[in-house]
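Enquirer: Please read through the structure below; I'll follow up with questions.
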Amino acid sequence: MKKFLLILLTICFAMLITACSNDADGQEVDEESNESEETNETTETEEETTEEASDEKVEAVFWHAMSGGGQESIEAIVDNFNQSQNDYTIIPEFQGSYEEALTKYRSVGGTEDAPAIIQTFEVGTKYMIDSGFIEPVQSFIDEEGYDVSQLEENILNYYTVDDQLYSMPFNSSTPVMLYNKDAFKEAGLDPENPPQTFTEIKEAAEKLTVKDGDNTERYGFSLLNYGWFIEELIATQGGHFVNNDNGRSEAATEAVFNGEEGLRIFELMDEMNKAGTYGNFGSNWDDIRAAFQTENTAMYLDSSAGVASTIENAPFEVGVAYIPYSEEAERNGVIIGGASLWMSNGIDPEKQQAAWEFMKFLQSAESQAKWHIDTGYFAINPSAYEEDIVKERWKEFPQLKVTVDQLQETKPSYATQGALISVFPEARQQVVTAMENVLQGTDPKEALDKAAEETNRVIEQANRANQ
Amino acid sequence: MKNATAFQEKTLTQIDTKWRFVHWRSAILYLLPSMILFSVFLFYPLGKTLYLSFFLTDQQGVANVFVGWENYQYILQAESFHKSIKATLLFVLYTVPTGILISLFLALLANEKLKGVGFFRTIYSSTMGVSVAASAVVWLFIFHPSMGILNQLIASVGGTSIDWLLHPDWALVSVAVTTIWMNIGFSFLIILGGLQNVDEHLYESAKISGAGYFYQLRRITIPMLSPTLFFVVTVSLINAFQTFGQVDILTQGGPSESTNLIVYSIYREAFVNYQFGTASAQSIFLFLCILIVTILQFKFGERKVHYQ
């Protein structure tokens with residue numbers, strides 16, 4: 001009896017062993033994060049020493065949402081600014097993701113404790129304008145006669161509302177299609193001539209899909225279940241996301257993403273999914289990137305900000321192409337994604353001045369060139385592309401240039417300016433649910449209509465509550 | 001003489017009331033800290049939630065349009081909230097019985113007097129020491145669609161790989177498996193404690209009477225353990241209804257809202273969509289559900305509990 005028990009104990013233990021080794025993994029993750037915390041602390045102490053050294057300087061707090069490489073780069077740029085002059089000190093503070101930073105800002109906005117600058121993602125634009133917590137940067141531009149024409153027009157377009165530039169664009173990205181050139185050769189496709197229309201994508205995906213019995217070893221095409229990609233694919237066909245010219249001529253009252261443009265995308269997904277050539281890797285960016293790296297999918301859409309690291313890490317040759325469009329429509333280009341910098345009102349005017357000086361510094365070709373090569377985000381100031389460090393980087397990764405070309409070829413219109421609604425996060429959730437439903441076999445039209453209906457309800461509620 | 005008794009009685013009642021007042025005052029003083037804490041952290045938020053559930057909130061979270069029962073009407077007819085309720089009930093069904101059975105089994109094993117059993121007890125309760133976030137991240141890698149060890153194992157024995165977190169039916173199971181694994185440590189520890197409190201003499205008498213292992217288990221262990229089991233069931237049920245962390249890390253409520261458990265849905269309404277009204281209505285609904293379940297449990301479950 002006792003022997004039997006001992007065996008049983010050991011078996012149960014063996015089953016838990018996997019769990020234990022996983023615990024160890026978990027600790028490693030923790031340690032790593034501790035390390036990064038330590039580095040944060042050291043940078044903080046450095047900041048403190050600089051603070052002490054400069055008592056008379058005007059200090060302005062800058063909330064950002066960049067982690068990892070982006071954080072390092074942004075802190076280096078802030079350091080450069082602080083050393084370049086003697087009047088102002090900018091204190092960068094990481095506040096978590098865009099959503100988290102915005103949630104915190106909601107509670108301090110409009111008070112004296114608000115940070116001078118806050119970085120907010122593009123879909124928060126409408127909220128920030130309506131919040132009343134911010135000073136449009138246009139007032140500083142007018143006062144000083146600052147020339148914004150040196151900046152990228154397509155990026156300015158997004159943040160210009162009612163002819164006013166509300167926030168200073170900072171980190172901007174667009175979607176691009178990444179594909180596995182080696183897989184293209186293997187499948188007998190031309191790696192230098194990637195598919196560009198929905199039908200071409202469908203045909204190429206059929207050739208690229210590799211099956212082993214019931215298991216699909218490699219899917220032809222994948223989309224991340226994320227609303228942004230649907231917005232982009234609608235815009236590139238010239239379609240709108242909401243009515244009233246994408247909410248730009250008047251406040252939007254209704255979602256129109258379930259029109260023919262949206263339907264074409266969903267039908268493409270549905271057809272490919274049923275044919276078994278569409279790989280679904282969920283809604284997590286890292287998962288779809290891992291699927292591409294491990295050659296589980298041959299083509300997918302990604303943000304231009306992720307292109308450089310994907311090319312560096314991939315064990316095969318990576319191609320970069322424009323995002324696909326429907327042959328029934330013309331190619332219009334892409335909407336700018338990413339984030340911009342907003343200036344608080346209700347704070348010390350000196351701090352606002354500090355913020356403005358820093359924003360100008362950020363727009364310089366040098367800062368932008370560093371930012372572009374460190375992160376892969378666009379340079380807001382196109383003259384940055386003339387800097388030597390950028391040229392060298394492009395020589396190394398010629399694919400990076402495709403992302404810039406795609407943006408510069410974009411036709412300015414309401415469609416490519418992007419939608420302006422305050423309930424964007426919820427609209428995106430609805431679109432994601434619709435994507436997931438279609439992949440489970442729901443009729444594309446039905447899934448889209450339901451998402452639009454739900455979005456209409458929140459738009460209506462938000463309009464009621466914010467009168 | 002008569003007067004004296006009356007006088008005595010009078011002073012006695014006087015002293016009595018005086019002492020009663022003093023007792024009452026000190027009782028209140030003793031209770032005050034917990035009353036203040038409860039009011040600040042429980043009663044005030046509860047009242048505020050109830051208040052918010054009758055309003056629409058603007059972008060600053062200010063309640064400015066009174067809508068009466070509209071938020072409740074909406075959530076009760078909304079399809080996505082029905083899905084949430086269904087997912088939550090299924091989740092409770094998947095996790096609570098399985099988790100407790102496994103913990104009971106492990107506790108029975110670890111309760112035997114063997115050499116080195118302390119080692120096994122430590123291992124079995126070790127999941128208690130891992131935070132929800134850390135273990136969910138670990139399971140995220142186990143379930144990973146392209147690199148997950150689980151799918152690699154299945155593929156190596158020639159099976160078809162499963163979309164653990166990407167298929168609506170499997171996603172809830174995956175989250176449930178993670179939760180069971182995480183909760184085993186706690187339930188195991190409590191049940192083991194209960195087992196150690198069972199009077200040895202009962203087993204000795206049973207042995208003398210010639211009762212077998214399973215007869216002892218059914219007639220002595222389980223009845224004597226029933227207060228502990230009742231406690232574990234109540235706590236596990238409430239925990240299961242309030243699951244959040246693992247959903248947030250593993251699936252974010254997807255795919256097709258199949259893992260959008262009520263607490264996650266509340267979080268998303270409130271802090272992603274800034275619809276504090278709807279979120280509050282959902283919270284009140286959840287509060288009522290847990291209240292009813294717990295009352296029912298005390299009413300029917302407790303009858304079977306044997307207190308020593």
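Residue numbering restarts at 1 in every chain; chains get A, B, ... in the order shown in the structure tokens, and ligands count up from 1 in that same order.
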Return the neighbours of chain B among the residues of chain A, cut-off 6 Å, counting only C-alpha atoms, as number ranges by chain.
Expert: A: 26, 215, 282, 291, 426, 433, 436-437, 465-466
Enquirer: For the residues in the current selection, export C-alpha atoms as a tab-separated table (two decimals), in the first residue's frame.
Expert:
```tsv
chain	number	residue	atom	x	y	z
A	26	GLY	CA	8.41	32.95	-14.75
A	215	ASN	CA	-1.93	20.23	-40.15
A	282	GLY	CA	-5.05	35.94	-32.75
A	291	ALA	CA	4.28	33.00	-36.75
A	426	GLU	CA	-14.95	50.54	-28.66
A	433	THR	CA	-15.13	40.71	-32.78
A	436	GLU	CA	-13.15	36.72	-35.18
A	437	ASN	CA	-16.74	35.84	-35.99
A	465	ALA	CA	-23.62	62.24	-22.72
A	466	ASN	CA	-21.30	64.92	-24.07
```
Enquirer: Can you pull out every residue from region 66-275 of chain B that DSSP, working from the backbone, puts in alpha helix (DSSP H), and format the result as a ChimeraX atom specification?
Expert: /B:70-77,79-110,117-124,132-142,149-156,168-196,200-208,213-216,222-241,245-250,262-267
Enquirer: Please identify every residue of region 89-139 of chain A that has at least one atom no farther than 10 Å from an atom of region 414-423 of chain A, counting only C-alpha atoms, and for each give the shortest atom pair and the distance in Å to one decimal, arranged by chain then increasing number, as JSON lines.
Expert:
```
{"residue": "A:Glu122", "atom": "CA", "partner": "A:Leu420", "partner_atom": "CA", "distance": 9.2}
{"residue": "A:Val123", "atom": "CA", "partner": "A:Leu420", "partner_atom": "CA", "distance": 7.3}
{"residue": "A:Gly124", "atom": "CA", "partner": "A:Ser422", "partner_atom": "CA", "distance": 7.0}
{"residue": "A:Thr125", "atom": "CA", "partner": "A:Leu420", "partner_atom": "CA", "distance": 7.4}
{"residue": "A:Lys126", "atom": "CA", "partner": "A:Ser422", "partner_atom": "CA", "distance": 5.2}
{"residue": "A:Tyr127", "atom": "CA", "partner": "A:Ser422", "partner_atom": "CA", "distance": 5.1}
{"residue": "A:Met128", "atom": "CA", "partner": "A:Ser422", "partner_atom": "CA", "distance": 8.8}
{"residue": "A:Ile129", "atom": "CA", "partner": "A:Ser422", "partner_atom": "CA", "distance": 9.5}
{"residue": "A:Asp130", "atom": "CA", "partner": "A:Ser422", "partner_atom": "CA", "distance": 8.5}
```
Enquirer: Taking the DSSP assignment computed from this structure's backbone, write out as a PyMOL selection string all residues of region 244-458 of chain A that belong to strand (DSSP E or B).
Expert: chain A and resi 255+278-279+297-303+318-321+325+337-344
Enquirer: Restricting the calculation to only C-alpha atoms: of B:Ile290, B:Leu42, B:Leu29, B:Ile15, which residue gets closest to Phe241 (chain B)?
Expert: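 Answer, going by the shortest atom-to-atom distance: B:Ile290.
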Enquirer: Provide the CA of Gln406 (chain A) to CA of Val334 (chain A) distance in Å, to one decimal place.
Expert: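 It comes out at 7.5 Å.
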Enquirer: Can you tell me how far CA of Ser107 (chain A) sits from CA of Gln71 (chain A), in Å to one decimal?
Expert: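 A separation of 23.8 Å between them.
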Enquirer: What's the 6 Å shell around Tyr377 (chain A), counting only C-alpha atoms, without same-chain residues fewer than 3 positions away, as an NGL selection string?
Expert: :A and (171-173 or 305 or 372)
